[in-house]
Amino acid sequence: WFNQVCLPLVLLLFKMVTKTVLAVVLLACFLQAACAIPVNVHPIEKNSLKVDDVLGDGPILPIIMIHGLFSSPSTFDKLVSAVQAKYPGLPCYPISFYNDVSSVDTGMMDQWPVAMQAFQDAASKIDGPYIVVSHSQGSLIARAIIEEYDEHRVQRWISLAGPNLGEFGVPGPDYLHYIFPSLERKEIYYVWYTQAAQNHVSFAGYWNDPYHQDSYFQNVQFLPFFNNENMDPTNATAIRHKENFLKVQQITLMGSSADDIIRPWDSSLFNFYDPSSPEDVSDMTKHNIYIDDTFGLRTMDERGSLKRIPVDGIAHTDWLDTDAGVNAILEQL
């Protein structure tokens, strides 16, 4: 009765509240612009950027950009301006798929195939290799595309504040706590691990509850699939995922302890809560996806192709909204 009646009503309320909040935000932005109230966007002047400031491991390549939760291609406007100020004419392709509210109220297993089509469209405009820059939930979409797209030519992937080993905290505005006021985070798996939530709440697809790992493996559809956690290593899909992942020449993982969305923040670096001691965060090398090298993370690390870069003082949206965040990215291109 709960799954058939109550949960769909709760998810409908979630969508309605989400869209209402977004509408209020957009209206506020419109009124702010109409009244000519200055917006604190920290503009980057073209002449303030010098090519010599860039620290990189190879030539600058065209960039495909993948947005995250409550976002759209315009999220990358500041970064695109900064990159093209340094490298005039460099192609940048922020792809469009399930933008804004749709990025939240659509399940991840529905999102990634649409994102991959948009990604392939962008890649078709590029001769040769390219860089992928992804933010937040977009980093999970990026890895899904890399693992599924056999012909990808991703030379480098830069992941910004991605919940790469999952999320175990309620992301988003405080209104989620009003929808589920009586549930603690270690109880809310009752909601996120239902079929309805997997279909209609994006982050349910990577909600990784260290207290309920059996339920996680049984019910979560997205993250265990792309971690190859529920597959025999000789499974053809698992082999293909791993081979495609290892085609990437370099992966740069960036995160910050100031992140106010990702829990734990260093899931961005593939660290996560330890299932044997769920209140403690353990390094990626202690988790089975690394120990068993399920999709190639350990191989990538051992061959020197994995960089993990913690950056102080960067909140979740600051990566793309502030000079400090954008400059940290530019240093890795």
# chains A, B, ... in the order shown; residues from 1 in each chain; ligands from 1

$ closest_atom_pairs --of "range 189-297 of chain A" --to "range 317-332 of chain A" --cutoff "10 Å" --atoms "only C-alpha atoms" --output "JSON lines"
{"residue": "A:Thr252", "atom": "CA", "partner": "A:Gln332", "partner_atom": "CA", "distance": 7.8}
{"residue": "A:Met254", "atom": "CA", "partner": "A:Ile329", "partner_atom": "CA", "distance": 8.6}
{"residue": "A:Gly255", "atom": "CA", "partner": "A:Trp319", "partner_atom": "CA", "distance": 9.2}
{"residue": "A:Ser256", "atom": "CA", "partner": "A:Trp319", "partner_atom": "CA", "distance": 9.7}
{"residue": "A:Ala258", "atom": "CA", "partner": "A:Asp318", "partner_atom": "CA", "distance": 9.8}
{"residue": "A:Asp259", "atom": "CA", "partner": "A:Thr317", "partner_atom": "CA", "distance": 8.4}
{"residue": "A:Asp260", "atom": "CA", "partner": "A:Thr317", "partner_atom": "CA", "distance": 8.9}
{"residue": "A:Ile261", "atom": "CA", "partner": "A:Thr317", "partner_atom": "CA", "distance": 9.0}

$ write_last_selection --atoms "N, CA and C atoms" --output "PDB file, in the first residue's frame"
ATOM      1  N   THR A 252      41.346  13.225 -13.602  1.00  0.00           N
ATOM      2  CA  THR A 252      41.629  14.158 -12.517  1.00  0.00           C
ATOM      3  C   THR A 252      40.362  14.329 -11.686  1.00  0.00           C
ATOM      4  N   MET A 254      38.606  16.185  -8.572  1.00  0.00           N
ATOM      5  CA  MET A 254      38.756  17.371  -7.736  1.00  0.00           C
ATOM      6  C   MET A 254      37.578  17.483  -6.771  1.00  0.00           C
ATOM      7  N   GLY A 255      37.865  17.809  -5.533  1.00  0.00           N
ATOM      8  CA  GLY A 255      36.830  17.969  -4.519  1.00  0.00           C
ATOM      9  C   GLY A 255      37.328  18.898  -3.430  1.00  0.00           C
ATOM     10  N   SER A 256      36.416  19.291  -2.554  1.00  0.00           N
ATOM     11  CA  SER A 256      36.782  20.217  -1.485  1.00  0.00           C
ATOM     12  C   SER A 256      36.057  19.870  -0.200  1.00  0.00           C
ATOM     13  N   ALA A 258      35.064  21.921   1.744  1.00  0.00           N
ATOM     14  CA  ALA A 258      34.046  22.964   1.919  1.00  0.00           C
ATOM     15  C   ALA A 258      32.766  22.640   1.158  1.00  0.00           C
ATOM     16  N   ASP A 259      32.724  21.499   0.478  1.00  0.00           N
ATOM     17  CA  ASP A 259      31.529  21.124  -0.280  1.00  0.00           C
ATOM     18  C   ASP A 259      30.336  21.009   0.660  1.00  0.00           C
ATOM     19  N   ASP A 260      29.247  21.680   0.309  1.00  0.00           N
ATOM     20  CA  ASP A 260      28.055  21.699   1.157  1.00  0.00           C
ATOM     21  C   ASP A 260      26.941  20.820   0.639  1.00  0.00           C
ATOM     22  N   ILE A 261      27.236  19.964  -0.348  1.00  0.00           N
ATOM     23  CA  ILE A 261      26.229  19.077  -0.924  1.00  0.00           C
ATOM     24  C   ILE A 261      26.643  17.610  -0.847  1.00  0.00           C
TER      25      ILE A 261
END

$ atom_distance --atom1 "CA of Ile314 in chain A" --atom2 "CA of Pro275 in chain A"
27.6 Å

$ closest_residue --among "A:Ile291, A:Met300, A:Leu165, A:Val114" --to "Gln137 in chain A" --atoms "only C-alpha atoms"
A:Leu165

$ residues_around --residues "range 236-248 of chain A" --least-positions-apart "4" --cutoff "7 Å" --atoms "only C-alpha atoms" --output "PyMOL selection string"
chain A and resi 146-148+150+154-156+228+231+295-296+300

$ write_last_selection --atoms "all heavy atoms" --output "JSON list (two decimals), in the first residue's frame"
[["chain", "number", "residue", "atom", "x", "y", "z"],
["A", 146, "ILE", "N", 31.43, 7.14, -20.64],
["A", 146, "ILE", "CA", 32.75, 6.57, -20.94],
["A", 146, "ILE", "C", 32.69, 5.05, -20.97],
["A", 146, "ILE", "O", 33.27, 4.41, -21.87],
["A", 146, "ILE", "CB", 33.77, 7.06, -19.89],
["A", 146, "ILE", "CG1", 34.10, 8.55, -20.13],
["A", 146, "ILE", "CG2", 35.05, 6.22, -19.91],
["A", 146, "ILE", "CD1", 34.88, 9.20, -19.00],
["A", 147, "GLU", "N", 32.00, 4.45, -20.03],
["A", 147, "GLU", "CA", 31.95, 2.99, -19.95],
["A", 147, "GLU", "C", 31.08, 2.38, -21.05],
["A", 147, "GLU", "O", 31.34, 1.24, -21.49],
["A", 147, "GLU", "CB", 31.44, 2.56, -18.58],
["A", 147, "GLU", "CG", 32.42, 2.86, -17.45],
["A", 147, "GLU", "CD", 31.95, 2.33, -16.10],
["A", 147, "GLU", "OE1", 31.04, 1.48, -16.07],
["A", 147, "GLU", "OE2", 32.51, 2.77, -15.07],
["A", 148, "GLU", "N", 30.07, 3.11, -21.51],
["A", 148, "GLU", "CA", 29.14, 2.55, -22.49],
["A", 148, "GLU", "C", 29.47, 2.91, -23.95],
["A", 148, "GLU", "O", 29.04, 2.23, -24.86],
["A", 148, "GLU", "CB", 27.71, 3.03, -22.18],
["A", 148, "GLU", "CG", 27.07, 2.33, -21.00],
["A", 148, "GLU", "CD", 26.65, 0.90, -21.33],
["A", 148, "GLU", "OE1", 26.46, 0.59, -22.53],
["A", 148, "GLU", "OE2", 26.51, 0.10, -20.38],
["A", 150, "ASP", "N", 31.67, 2.78, -26.77],
["A", 150, "ASP", "CA", 32.85, 2.01, -27.19],
["A", 150, "ASP", "C", 33.82, 2.83, -28.04],
["A", 150, "ASP", "O", 35.03, 2.58, -28.01],
["A", 150, "ASP", "CB", 32.41, 0.78, -27.99],
["A", 150, "ASP", "CG", 31.59, -0.21, -27.18],
["A", 150, "ASP", "OD1", 31.68, -0.15, -25.93],
["A", 150, "ASP", "OD2", 30.86, -1.02, -27.77],
["A", 154, "VAL", "N", 37.93, 10.02, -25.32],
["A", 154, "VAL", "CA", 38.23, 10.84, -24.13],
["A", 154, "VAL", "C", 39.69, 10.65, -23.77],
["A", 154, "VAL", "O", 40.10, 9.56, -23.36],
["A", 154, "VAL", "CB", 37.33, 10.47, -22.94],
["A", 154, "VAL", "CG1", 37.67, 11.34, -21.74],
["A", 154, "VAL", "CG2", 35.87, 10.59, -23.31],
["A", 155, "GLN", "N", 40.48, 11.70, -23.93],
["A", 155, "GLN", "CA", 41.87, 11.62, -23.52],
["A", 155, "GLN", "C", 42.01, 11.92, -22.03],
["A", 155, "GLN", "O", 42.73, 11.23, -21.32],
["A", 155, "GLN", "CB", 42.74, 12.60, -24.31],
["A", 155, "GLN", "CG", 44.23, 12.46, -23.97],
["A", 155, "GLN", "CD", 45.09, 13.42, -24.74],
["A", 155, "GLN", "OE1", 45.39, 14.52, -24.26],
["A", 155, "GLN", "NE2", 45.51, 13.02, -25.92],
["A", 156, "ARG", "N", 41.29, 12.96, -21.58],
["A", 156, "ARG", "CA", 41.33, 13.31, -20.16],
["A", 156, "ARG", "C", 39.93, 13.62, -19.66],
["A", 156, "ARG", "O", 39.12, 14.19, -20.38],
["A", 156, "ARG", "CB", 42.23, 14.54, -19.94],
["A", 156, "ARG", "CG", 43.71, 14.23, -20.09],
["A", 156, "ARG", "CD", 44.56, 15.43, -19.71],
["A", 156, "ARG", "NE", 44.61, 16.40, -20.79],
["A", 156, "ARG", "CZ", 44.84, 17.70, -20.63],
["A", 156, "ARG", "NH1", 45.00, 18.19, -19.40],
["A", 156, "ARG", "NH2", 44.90, 18.51, -21.66],
["A", 228, "ASN", "N", 30.16, -2.01, -11.74],
["A", 228, "ASN", "CA", 30.29, -3.45, -12.00],
["A", 228, "ASN", "C", 30.23, -4.27, -10.71],
["A", 228, "ASN", "O", 30.84, -5.33, -10.61],
["A", 228, "ASN", "CB", 31.59, -3.76, -12.74],
["A", 228, "ASN", "CG", 31.57, -3.32, -14.19],
["A", 228, "ASN", "OD1", 30.52, -3.01, -14.76],
["A", 228, "ASN", "ND2", 32.74, -3.27, -14.82],
["A", 231, "MET", "N", 28.00, -7.70, -11.01],
["A", 231, "MET", "CA", 28.29, -8.55, -12.17],
["A", 231, "MET", "C", 29.51, -9.42, -11.94],
["A", 231, "MET", "O", 30.46, -9.00, -11.27],
["A", 231, "MET", "CB", 28.55, -7.68, -13.41],
["A", 231, "MET", "CG", 27.39, -6.88, -13.91],
["A", 231, "MET", "SD", 27.84, -6.01, -15.44],
["A", 231, "MET", "CE", 27.38, -4.34, -14.99],
["A", 295, "PHE", "N", 35.92, -1.88, -12.15],
["A", 295, "PHE", "CA", 35.77, -1.19, -13.43],
["A", 295, "PHE", "C", 37.06, -0.51, -13.90],
["A", 295, "PHE", "O", 37.05, 0.24, -14.88],
["A", 295, "PHE", "CB", 34.62, -0.17, -13.39],
["A", 295, "PHE", "CG", 34.80, 0.96, -12.41],
["A", 295, "PHE", "CD1", 35.43, 2.14, -12.78],
["A", 295, "PHE", "CD2", 34.33, 0.85, -11.10],
["A", 295, "PHE", "CE1", 35.60, 3.19, -11.89],
["A", 295, "PHE", "CE2", 34.48, 1.90, -10.21],
["A", 295, "PHE", "CZ", 35.12, 3.07, -10.59],
["A", 296, "GLY", "N", 38.17, -0.79, -13.22],
["A", 296, "GLY", "CA", 39.47, -0.32, -13.68],
["A", 296, "GLY", "C", 40.08, 0.80, -12.87],
["A", 296, "GLY", "O", 41.14, 1.33, -13.23],
["A", 300, "MET", "N", 43.92, 2.11, -13.23],
["A", 300, "MET", "CA", 44.15, 3.50, -13.59],
["A", 300, "MET", "C", 45.12, 4.15, -12.60],
["A", 300, "MET", "O", 46.04, 4.88, -12.98],
["A", 300, "MET", "CB", 42.82, 4.25, -13.60],
["A", 300, "MET", "CG", 42.88, 5.66, -14.14],
["A", 300, "MET", "SD", 43.05, 5.79, -15.93],
["A", 300, "MET", "CE", 41.45, 5.19, -16.50]]

$ closest_residue --among "A:Val201, A:Ile289, A:Ile262, A:Phe97" --to "Asn230 in chain A" --atoms "only C-alpha atoms"
A:Ile289

$ atom_distance --atom1 "CA of Ala144 in chain A" --atom2 "CA of Ser81 in chain A"
27.3 Å

$ atom_distance --atom1 "CA of Phe270 in chain A" --atom2 "CA of Pro91 in chain A"
29.6 Å

$ closest_residue --among "A:Tyr206, A:Tyr98, A:Tyr149, A:Tyr211" --to "Gln120 in chain A" --atoms "only C-alpha atoms"
A:Tyr149

$ residues_around --residues "Cys92 in chain A" --least-positions-apart "2" --cutoff "7 Å" --atoms "only C-alpha atoms" --output "NGL selection string"
:A and (62-64 or 80 or 90 or 94)

$ write_last_selection --atoms "N, CA and C atoms" --output "compact mmCIF listing (two decimals), in the first residue's frame"
# COMPACT_ATOMS: atom_id res chain seq x y z
N PRO A 62 39.81 20.19 -27.53
CA PRO A 62 38.40 20.56 -27.38
C PRO A 62 37.82 19.94 -26.12
N ILE A 63 36.83 20.61 -25.55
CA ILE A 63 36.28 20.19 -24.26
C ILE A 63 34.78 19.95 -24.39
N ILE A 64 34.33 18.80 -23.91
CA ILE A 64 32.91 18.50 -23.77
C ILE A 64 32.57 18.61 -22.29
N VAL A 80 33.59 28.50 -19.81
CA VAL A 80 33.81 28.62 -21.25
C VAL A 80 34.47 29.95 -21.59
N LEU A 90 39.07 27.90 -29.09
CA LEU A 90 39.04 26.50 -28.64
C LEU A 90 37.59 26.03 -28.53
N PRO A 94 29.23 22.41 -24.02
CA PRO A 94 28.39 22.01 -22.88
C PRO A 94 27.13 21.33 -23.44

$ decode --residues "range 106-220 of chain A" --atoms "C-alpha atoms" --output "PDB file, in the first residue's frame"
ATOM      1  CA  THR A 106      14.249  11.831 -13.809  1.00  0.00           C
ATOM      2  CA  GLY A 107      15.967   8.596 -12.862  1.00  0.00           C
ATOM      3  CA  MET A 108      19.636   8.171 -13.732  1.00  0.00           C
ATOM      4  CA  MET A 109      18.980   5.099 -15.866  1.00  0.00           C
ATOM      5  CA  ASP A 110      16.787   7.285 -18.075  1.00  0.00           C
ATOM      6  CA  GLN A 111      19.193  10.207 -18.080  1.00  0.00           C
ATOM      7  CA  TRP A 112      22.462   8.665 -19.176  1.00  0.00           C
ATOM      8  CA  PRO A 113      21.332   7.317 -22.598  1.00  0.00           C
ATOM      9  CA  VAL A 114      19.957  10.746 -23.545  1.00  0.00           C
ATOM     10  CA  ALA A 115      23.142  12.385 -22.301  1.00  0.00           C
ATOM     11  CA  MET A 116      25.220   9.918 -24.325  1.00  0.00           C
ATOM     12  CA  GLN A 117      23.359  10.858 -27.504  1.00  0.00           C
ATOM     13  CA  ALA A 118      24.068  14.547 -26.833  1.00  0.00           C
ATOM     14  CA  PHE A 119      27.683  13.635 -26.060  1.00  0.00           C
ATOM     15  CA  GLN A 120      28.043  11.707 -29.317  1.00  0.00           C
ATOM     16  CA  ASP A 121      26.593  14.657 -31.226  1.00  0.00           C
ATOM     17  CA  ALA A 122      29.257  16.902 -29.705  1.00  0.00           C
ATOM     18  CA  ALA A 123      32.028  14.359 -30.287  1.00  0.00           C
ATOM     19  CA  SER A 124      31.038  14.096 -33.971  1.00  0.00           C
ATOM     20  CA  LYS A 125      32.104  17.738 -34.384  1.00  0.00           C
ATOM     21  CA  ILE A 126      35.615  16.975 -33.102  1.00  0.00           C
ATOM     22  CA  ASP A 127      38.428  15.325 -35.056  1.00  0.00           C
ATOM     23  CA  GLY A 128      40.589  13.385 -32.661  1.00  0.00           C
ATOM     24  CA  PRO A 129      40.683  13.253 -28.846  1.00  0.00           C
ATOM     25  CA  TYR A 130      38.991  15.600 -26.415  1.00  0.00           C
ATOM     26  CA  ILE A 131      38.728  16.492 -22.742  1.00  0.00           C
ATOM     27  CA  VAL A 132      35.610  15.932 -20.628  1.00  0.00           C
ATOM     28  CA  VAL A 133      34.823  18.284 -17.747  1.00  0.00           C
ATOM     29  CA  SER A 134      31.914  17.243 -15.538  1.00  0.00           C
ATOM     30  CA  HIS A 135      30.383  18.727 -12.420  1.00  0.00           C
ATOM     31  CA  SER A 136      28.481  17.081  -9.567  1.00  0.00           C
ATOM     32  CA  GLN A 137      25.933  14.498 -10.774  1.00  0.00           C
ATOM     33  CA  GLY A 138      27.337  15.080 -14.248  1.00  0.00           C
ATOM     34  CA  SER A 139      30.457  13.176 -13.206  1.00  0.00           C
ATOM     35  CA  LEU A 140      28.393  10.019 -12.785  1.00  0.00           C
ATOM     36  CA  ILE A 141      26.795  10.661 -16.174  1.00  0.00           C
ATOM     37  CA  ALA A 142      30.285  11.161 -17.621  1.00  0.00           C
ATOM     38  CA  ARG A 143      31.519   7.822 -16.299  1.00  0.00           C
ATOM     39  CA  ALA A 144      28.408   6.055 -17.585  1.00  0.00           C
ATOM     40  CA  ILE A 145      29.067   7.495 -21.050  1.00  0.00           C
ATOM     41  CA  ILE A 146      32.752   6.573 -20.937  1.00  0.00           C
ATOM     42  CA  GLU A 147      31.945   2.995 -19.950  1.00  0.00           C
ATOM     43  CA  GLU A 148      29.137   2.552 -22.495  1.00  0.00           C
ATOM     44  CA  TYR A 149      30.497   4.466 -25.505  1.00  0.00           C
ATOM     45  CA  ASP A 150      32.846   2.014 -27.193  1.00  0.00           C
ATOM     46  CA  GLU A 151      34.161   4.571 -29.692  1.00  0.00           C
ATOM     47  CA  HIS A 152      34.809   7.377 -27.228  1.00  0.00           C
ATOM     48  CA  ARG A 153      37.999   9.408 -27.652  1.00  0.00           C
ATOM     49  CA  VAL A 154      38.229  10.844 -24.134  1.00  0.00           C
ATOM     50  CA  GLN A 155      41.873  11.621 -23.517  1.00  0.00           C
ATOM     51  CA  ARG A 156      41.335  13.315 -20.161  1.00  0.00           C
ATOM     52  CA  TRP A 157      38.407  13.477 -17.780  1.00  0.00           C
ATOM     53  CA  ILE A 158      38.222  16.155 -15.097  1.00  0.00           C
ATOM     54  CA  SER A 159      35.574  15.467 -12.448  1.00  0.00           C
ATOM     55  CA  LEU A 160      34.493  18.373 -10.236  1.00  0.00           C
ATOM     56  CA  ALA A 161      32.737  17.630  -6.931  1.00  0.00           C
ATOM     57  CA  GLY A 162      31.278  14.409  -8.275  1.00  0.00           C
ATOM     58  CA  PRO A 163      29.522  11.951  -5.947  1.00  0.00           C
ATOM     59  CA  ASN A 164      31.727   9.311  -7.536  1.00  0.00           C
ATOM     60  CA  LEU A 165      31.234   6.605  -4.950  1.00  0.00           C
ATOM     61  CA  GLY A 166      27.725   7.739  -4.075  1.00  0.00           C
ATOM     62  CA  GLU A 167      25.867  10.124  -1.803  1.00  0.00           C
ATOM     63  CA  PHE A 168      24.805   9.605   1.800  1.00  0.00           C
ATOM     64  CA  GLY A 169      23.246  12.874   2.835  1.00  0.00           C
ATOM     65  CA  VAL A 170      20.185  14.726   1.602  1.00  0.00           C
ATOM     66  CA  PRO A 171      21.401  16.893  -1.287  1.00  0.00           C
ATOM     67  CA  GLY A 172      19.563  20.022  -2.289  1.00  0.00           C
ATOM     68  CA  PRO A 173      17.546  22.646  -0.433  1.00  0.00           C
ATOM     69  CA  ASP A 174      16.195  22.273   3.072  1.00  0.00           C
ATOM     70  CA  TYR A 175      12.671  21.695   1.788  1.00  0.00           C
ATOM     71  CA  LEU A 176      13.517  17.994   1.408  1.00  0.00           C
ATOM     72  CA  HIS A 177      13.580  17.833   5.190  1.00  0.00           C
ATOM     73  CA  TYR A 178      10.010  19.130   5.239  1.00  0.00           C
ATOM     74  CA  ILE A 179       8.888  16.347   2.907  1.00  0.00           C
ATOM     75  CA  PHE A 180      10.526  13.662   5.070  1.00  0.00           C
ATOM     76  CA  PRO A 181      10.695  15.314   8.516  1.00  0.00           C
ATOM     77  CA  SER A 182      10.792  12.150  10.573  1.00  0.00           C
ATOM     78  CA  LEU A 183      13.371  10.184   8.574  1.00  0.00           C
ATOM     79  CA  GLU A 184      17.050  10.225   9.426  1.00  0.00           C
ATOM     80  CA  ARG A 185      19.461   9.670   6.585  1.00  0.00           C
ATOM     81  CA  LYS A 186      20.037   6.050   7.579  1.00  0.00           C
ATOM     82  CA  GLU A 187      16.271   5.419   7.399  1.00  0.00           C
ATOM     83  CA  ILE A 188      15.409   7.217   4.170  1.00  0.00           C
ATOM     84  CA  TYR A 189      16.619   4.276   2.106  1.00  0.00           C
ATOM     85  CA  TYR A 190      13.049   2.986   2.589  1.00  0.00           C
ATOM     86  CA  VAL A 191      12.063   5.727   0.136  1.00  0.00           C
ATOM     87  CA  TRP A 192      15.058   5.994  -2.189  1.00  0.00           C
ATOM     88  CA  TYR A 193      15.397   2.238  -2.658  1.00  0.00           C
ATOM     89  CA  THR A 194      11.897   1.779  -4.071  1.00  0.00           C
ATOM     90  CA  GLN A 195      11.265   1.343  -7.780  1.00  0.00           C
ATOM     91  CA  ALA A 196       9.295   4.591  -7.921  1.00  0.00           C
ATOM     92  CA  ALA A 197      12.208   6.591  -6.499  1.00  0.00           C
ATOM     93  CA  GLN A 198      14.718   4.877  -8.778  1.00  0.00           C
ATOM     94  CA  ASN A 199      12.568   5.945 -11.729  1.00  0.00           C
ATOM     95  CA  HIS A 200      11.813   9.517 -10.630  1.00  0.00           C
ATOM     96  CA  VAL A 201      14.533  10.799  -8.267  1.00  0.00           C
ATOM     97  CA  SER A 202      17.983  11.091  -9.813  1.00  0.00           C
ATOM     98  CA  PHE A 203      20.083  10.846  -6.653  1.00  0.00           C
ATOM     99  CA  ALA A 204      18.206   7.721  -5.558  1.00  0.00           C
ATOM    100  CA  GLY A 205      20.273   6.047  -8.276  1.00  0.00           C
ATOM    101  CA  TYR A 206      23.485   6.694  -6.374  1.00  0.00           C
ATOM    102  CA  TRP A 207      22.235   6.815  -2.777  1.00  0.00           C
ATOM    103  CA  ASN A 208      24.836   4.596  -1.121  1.00  0.00           C
ATOM    104  CA  ASP A 209      23.734   3.763   2.420  1.00  0.00           C
ATOM    105  CA  PRO A 210      26.631   2.134   4.311  1.00  0.00           C
ATOM    106  CA  TYR A 211      24.189   0.836   6.935  1.00  0.00           C
ATOM    107  CA  HIS A 212      22.103  -1.076   4.371  1.00  0.00           C
ATOM    108  CA  GLN A 213      24.484  -2.397   1.747  1.00  0.00           C
ATOM    109  CA  ASP A 214      22.426  -5.479   0.935  1.00  0.00           C
ATOM    110  CA  SER A 215      19.481  -3.286   0.049  1.00  0.00           C
ATOM    111  CA  TYR A 216      21.761  -0.961  -1.906  1.00  0.00           C
ATOM    112  CA  PHE A 217      23.035  -3.787  -4.101  1.00  0.00           C
ATOM    113  CA  GLN A 218      19.573  -5.246  -4.532  1.00  0.00           C
ATOM    114  CA  ASN A 219      17.603  -2.092  -5.314  1.00  0.00           C
ATOM    115  CA  VAL A 220      19.822   0.733  -6.575  1.00  0.00           C
TER     116      VAL A 220
END
